[in-house]
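Chemist: The following file, model.cif, comprises mmCIF, C-alpha atoms:
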```
data_target
#
loop_
_atom_site.group_PDB
_atom_site.id
_atom_site.type_symbol
_atom_site.label_atom_id
_atom_site.label_comp_id
_atom_site.auth_asym_id
_atom_site.auth_seq_id
_atom_site.Cartn_x
_atom_site.Cartn_y
_atom_site.Cartn_z
ATOM 1 C CA MET A 1 0.000 0.000 0.000
ATOM 2 C CA PRO A 2 1.471 3.413 -0.904
ATOM 3 C CA GLU A 3 2.797 5.437 2.023
ATOM 4 C CA GLN A 4 0.207 8.236 1.657
ATOM 5 C CA ASN A 5 -2.635 5.719 1.915
ATOM 6 C CA LYS A 6 -1.558 4.010 5.142
ATOM 7 C CA ILE A 7 -4.351 4.177 7.655
ATOM 8 C CA LYS A 8 -3.961 4.428 11.405
ATOM 9 C CA GLY A 9 -6.162 2.269 13.572
ATOM 10 C CA ASP A 10 -7.916 -1.031 12.994
ATOM 11 C CA ASN A 11 -9.024 -2.868 9.866
ATOM 12 C CA ASN A 12 -12.654 -1.823 10.295
ATOM 13 C CA THR A 13 -12.464 1.107 7.919
ATOM 14 C CA THR A 14 -14.385 1.251 4.651
ATOM 15 C CA THR A 15 -11.826 1.630 1.873
ATOM 16 C CA VAL A 16 -11.503 1.395 -1.888
ATOM 17 C CA VAL A 17 -10.345 -2.154 -2.648
ATOM 18 C CA ARG A 18 -10.400 -2.093 -6.466
ATOM 19 C CA ILE A 19 -10.509 0.541 -9.204
ATOM 20 C CA LEU A 20 -12.985 -0.615 -11.856
ATOM 21 C CA SER A 21 -12.807 2.559 -13.956
ATOM 22 C CA GLU A 22 -12.274 6.280 -13.410
ATOM 23 C CA SER A 23 -15.896 6.562 -12.292
ATOM 24 C CA ARG A 24 -16.492 3.163 -10.590
ATOM 25 C CA VAL A 25 -14.741 1.639 -7.581
ATOM 26 C CA ALA A 26 -15.289 -1.348 -5.312
ATOM 27 C CA ILE A 27 -15.332 -0.732 -1.559
ATOM 28 C CA ASN A 28 -15.229 -3.194 1.318
ATOM 29 C CA LYS A 29 -18.288 -3.282 3.553
ATOM 30 C CA LYS A 30 -16.398 -2.940 6.845
ATOM 31 C CA PRO A 31 -17.652 -1.702 9.238
ATOM 32 C CA ILE A 32 -20.901 -0.802 7.431
ATOM 33 C CA ALA A 33 -22.863 -4.040 7.105
ATOM 34 C CA ASP A 34 -26.116 -2.318 6.133
ATOM 35 C CA ILE A 35 -25.127 -0.704 2.834
ATOM 36 C CA HIS A 36 -28.113 -0.109 0.547
ATOM 37 C CA MET A 37 -28.519 0.697 -3.140
ATOM 38 C CA GLU A 38 -28.251 4.437 -3.796
ATOM 39 C CA ASP A 39 -26.351 5.083 -0.507
ATOM 40 C CA GLN A 40 -23.978 7.955 -1.154
ATOM 41 C CA PHE A 41 -20.268 7.823 -0.279
ATOM 42 C CA LEU A 42 -17.509 10.401 -0.127
ATOM 43 C CA LEU A 43 -14.121 9.166 -1.326
ATOM 44 C CA TYR A 44 -10.924 10.735 -0.007
ATOM 45 C CA GLU A 45 -7.242 10.077 0.524
ATOM 46 C CA LEU A 46 -5.425 10.710 3.787
ATOM 47 C CA THR A 47 -2.028 12.399 3.558
ATOM 48 C CA GLU A 48 0.929 11.515 5.703
ATOM 49 C CA GLU A 49 0.936 13.161 9.107
ATOM 50 C CA ILE A 50 1.857 16.835 8.972
ATOM 51 C CA ILE A 51 4.244 18.285 11.539
ATOM 52 C CA ASP A 52 4.218 22.037 12.233
ATOM 53 C CA PRO A 53 7.764 23.167 11.374
ATOM 54 C CA ILE A 54 7.804 25.826 14.119
ATOM 55 C CA SER A 55 6.173 24.112 17.099
ATOM 56 C CA ASN A 56 7.020 20.550 16.015
ATOM 57 C CA GLU A 57 3.387 19.702 16.880
ATOM 58 C CA ASN A 58 1.730 16.828 15.011
ATOM 59 C CA LEU A 59 -1.215 18.430 13.179
ATOM 60 C CA GLY A 60 -2.632 15.152 11.894
ATOM 61 C CA GLN A 61 -3.564 14.217 8.340
ATOM 62 C CA LEU A 62 -5.322 16.137 5.578
ATOM 63 C CA LYS A 63 -8.293 14.684 3.700
ATOM 64 C CA LEU A 64 -7.864 15.062 -0.052
ATOM 65 C CA TYR A 65 -11.338 14.658 -1.546
ATOM 66 C CA LYS A 66 -11.802 12.455 -4.617
ATOM 67 C CA GLY A 67 -15.534 12.925 -5.179
ATOM 68 C CA THR A 68 -18.874 11.424 -4.267
ATOM 69 C CA GLY A 69 -20.723 8.433 -5.626
ATOM 70 C CA LYS A 70 -23.722 6.163 -5.157
ATOM 71 C CA VAL A 71 -23.871 2.435 -4.539
ATOM 72 C CA VAL A 72 -24.914 0.683 -7.756
ATOM 73 C CA ASP A 73 -24.217 -2.959 -6.792
ATOM 74 C CA ILE A 74 -23.984 -4.813 -3.478
ATOM 75 C CA GLN A 75 -22.285 -8.161 -2.943
ATOM 76 C CA ASP A 76 -21.487 -10.181 0.179
ATOM 77 C CA THR A 77 -18.333 -8.366 1.259
ATOM 78 C CA MET A 78 -18.080 -5.477 -1.200
ATOM 79 C CA ALA A 79 -20.134 -2.833 -2.965
ATOM 80 C CA ILE A 80 -19.610 -0.899 -6.185
ATOM 81 C CA VAL A 81 -19.766 2.888 -5.975
ATOM 82 C CA GLN A 82 -20.226 4.948 -9.135
ATOM 83 C CA SER A 83 -19.440 8.646 -9.345
ATOM 84 C CA ASP A 84 -22.565 10.783 -9.130
ATOM 85 C CA ARG A 85 -20.989 14.016 -10.327
ATOM 86 C CA GLU A 86 -22.458 15.069 -13.656
ATOM 87 C CA SER A 87 -21.471 17.558 -16.320
ATOM 88 C CA LEU A 88 -23.026 18.688 -19.552
ATOM 89 C CA LYS A 89 -21.654 16.814 -22.546
ATOM 90 C CA SER A 90 -20.630 20.112 -24.102
ATOM 91 C CA PRO A 91 -19.916 23.145 -21.922
ATOM 92 C CA LEU A 92 -20.626 25.305 -24.981
ATOM 93 C CA PHE A 93 -24.224 24.104 -25.285
ATOM 94 C CA SER A 94 -26.090 27.236 -26.368
ATOM 95 C CA ALA A 95 -29.664 28.351 -25.752
ATOM 96 C CA ALA A 96 -30.361 27.915 -29.482
ATOM 97 C CA GLN A 97 -29.131 24.306 -29.376
ATOM 98 C CA MET A 98 -31.300 23.678 -26.324
ATOM 99 C CA LEU A 99 -34.389 24.931 -28.166
ATOM 100 C CA TYR A 100 -33.583 22.838 -31.221
ATOM 101 C CA GLU A 101 -32.181 19.661 -29.608
ATOM 102 C CA GLY A 102 -33.786 19.670 -26.167
ATOM 103 C CA ARG A 103 -31.900 19.329 -22.909
ATOM 104 C CA PRO A 104 -28.134 18.784 -23.184
ATOM 105 C CA GLU A 105 -26.879 15.283 -22.479
ATOM 106 C CA LYS A 106 -25.220 14.785 -19.091
ATOM 107 C CA ILE A 107 -22.136 12.655 -18.615
ATOM 108 C CA LEU A 108 -20.639 11.180 -15.443
ATOM 109 C CA MET A 109 -17.516 12.906 -14.208
ATOM 110 C CA PRO A 110 -14.775 10.582 -12.958
ATOM 111 C CA PHE A 111 -13.472 10.469 -9.413
ATOM 112 C CA ASN A 112 -10.329 12.556 -8.923
ATOM 113 C CA ASN A 113 -7.529 9.984 -9.303
ATOM 114 C CA PRO A 114 -9.019 7.157 -7.185
ATOM 115 C CA LYS A 115 -6.560 4.687 -5.650
ATOM 116 C CA VAL A 116 -6.783 1.407 -3.788
ATOM 117 C CA GLY A 117 -6.606 2.331 -0.112
ATOM 118 C CA ASP A 118 -8.580 5.567 -0.433
ATOM 119 C CA MET A 119 -11.176 6.008 2.290
ATOM 120 C CA ALA A 120 -14.937 5.737 1.680
ATOM 121 C CA GLU A 121 -17.278 7.438 4.124
ATOM 122 C CA ARG A 122 -21.049 7.130 3.898
ATOM 123 C CA ILE A 123 -22.832 10.470 3.628
ATOM 124 C CA ILE A 124 -25.755 10.650 6.015
ATOM 125 C CA TYR A 125 -28.386 13.332 5.587
ATOM 126 C CA VAL A 126 -30.203 14.592 8.660
ATOM 127 C CA LYS A 127 -33.319 16.748 8.603
ATOM 128 C CA ASP A 128 -35.091 17.916 11.744
ATOM 129 C CA GLY A 129 -33.040 15.489 13.824
ATOM 130 C CA GLU A 130 -33.999 12.454 11.724
ATOM 131 C CA ILE A 131 -31.703 10.481 9.456
ATOM 132 C CA LEU A 132 -33.027 10.465 5.902
#
```
Translate this structure into structure tokens?

Modeler:
Amino acid sequence: MPEQNKIKGDNNTTTVVRILSESRVAINKKPIADIHMEDQFLLYELTEEIIDPISNENLGQLKLYKGTGKVVDIQDTMAIVQSDRESLKSPLFSAAQMLYEGRPEKILMPFNNPKVGDMAERIIYVKDGEIL
């Protein structure tokens, strides 16, 4: 495992275990046993620990965000997460084209350089104190 992706703590962390494409990754289901279709995950990489050069204090690790995605397949020990970031097929899609052709086609944007060992954290939405 590359140095920047080493994780402190136990093996009960949800991580990227395989890169399937730039926009699809497989994650392990630890410690989240109740993953459901359409659950949303945030992918990120942890940097090495950062030491303040003046105080010599350990400031911890930075999270470098890779993007968000939704679960599209669930298996016994893994799940597949697909990027849910979208972009217009052509950024130069004009109002005239929209009138003539209809809505512009959307394409999936890839994760930002996903790697095996990246972290995967489920995004939980809360409204009025209730988990949605």

Chemist: If you apply the PyMOL selection byres ((chain A and resi 73) around 12) to this file, what residues do you get, as a list of chain:residue names?

Modeler: A:Arg24, A:Val25, A:Ala26, A:Ile27, A:Lys29, A:Ile35, A:His36, A:Met37, A:Glu38, A:Asp39, A:Gly69, A:Lys70, A:Val71, A:Val72, A:Ile74, A:Gln75, A:Asp76, A:Thr77, A:Met78, A:Ala79, A:Ile80, A:Val81, A:Gln82

Chemist: What lies within 10 Å of Gln61 in chain A using all atoms listed in the file, ignoring chain neighbours under 5 positions off, as a list in words?

Modeler: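 Those residues are Gln4, Glu45, Leu46, Thr47, Glu48, Glu49, Ile50 and Ile51 of chain A.
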
Chemist: Fewer than 5 positions away in the same chain doesn't count, so skip those; otherwise give me all residues within 7 Å of Val116 in chain A, counting all atoms listed in the file, as a PyMOL selection string.

Modeler: chain A and resi 16-19

Chemist: Could you tell me, as an mmCIF file with C-alpha atoms, keeping the file's coordinate frame, which residues have any atom at most 7 Å from (-13.5, 7.8, -2.2), counting all atoms listed in the file?

Modeler:
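Listed below is the output, result_37.cif:
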```cif
data_model
loop_
_atom_site.group_PDB
_atom_site.id
_atom_site.type_symbol
_atom_site.label_atom_id
_atom_site.label_comp_id
_atom_site.auth_asym_id
_atom_site.auth_seq_id
_atom_site.Cartn_x
_atom_site.Cartn_y
_atom_site.Cartn_z
ATOM 1 C CA VAL A 16 -11.503 1.395 -1.888
ATOM 2 C CA LEU A 42 -17.509 10.401 -0.127
ATOM 3 C CA LEU A 43 -14.121 9.166 -1.326
ATOM 4 C CA TYR A 44 -10.924 10.735 -0.007
ATOM 5 C CA LYS A 66 -11.802 12.455 -4.617
ATOM 6 C CA GLY A 67 -15.534 12.925 -5.179
ATOM 7 C CA THR A 68 -18.874 11.424 -4.267
ATOM 8 C CA PRO A 114 -9.019 7.157 -7.185
ATOM 9 C CA ASP A 118 -8.580 5.567 -0.433
ATOM 10 C CA MET A 119 -11.176 6.008 2.290
ATOM 11 C CA ALA A 120 -14.937 5.737 1.680
#
```

Chemist: Apply the PyMOL selection byres ((chain A and resi 85) around 8) to the displayed file and report the matching residues as a list in words.

Modeler: Gly67, Thr68, Gly69, Ser83, Asp84, Glu86, Ser87, Leu108, Met109 and Pro110 of chain A

Chemist: If I take CA of Tyr65 in chain A and CA of Lys115 in chain A, how far is one from the other in Å, to one decimal?

Modeler: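 Computing it gives 11.8 Å between the two atoms.
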
Chemist: Of the residues A:Phe41, A:Ile54, A:Leu62, A:Gly117, which is the one nearest to Thr13 in chain A, using all atoms listed in the file?

Modeler: A:Gly117

Chemist: Would you mind telling me which residue in A:Phe111, A:Lys63, A:Glu121, A:Lys106 lies nearest to Asn28 in chain A when using all atoms listed in the file?

Modeler: A:Glu121

Chemist: Separation of CA of Asn113 in chain A and CA of Pro53 in chain A, in Å?

Modeler: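 Distance reported for this atom pair: 28.9 Å.
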
Chemist: Between CA of Pro31 in chain A and CA of Thr15 in chain A, what is the distance in Å, rounded to a tenth?

Modeler: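 CA of Thr15 in chain A lies 10.0 Å from CA of Pro31 in chain A.
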
Chemist: Would you compute the box with edges along x, y and z of the file around range 104-122 of chain A, including every atom the file lists for it and 6 Å extra on each side, and give its centre and edge lengths in Å to one decimal, as JSON?

Modeler:
```
{"center_x": -17.3, "center_y": 10.1, "center_z": -9.5, "size_x": 33.6, "size_y": 29.4, "size_z": 39.3}
```

Chemist: Counting only C-alpha atoms, which residue out of A:Ile107, A:Arg122, A:Ser55, A:Asp128 sits closest to Ser23 in chain A?

Modeler: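 Residue with the minimum atom-to-atom distance to Ser23 in chain A: A:Ile107.
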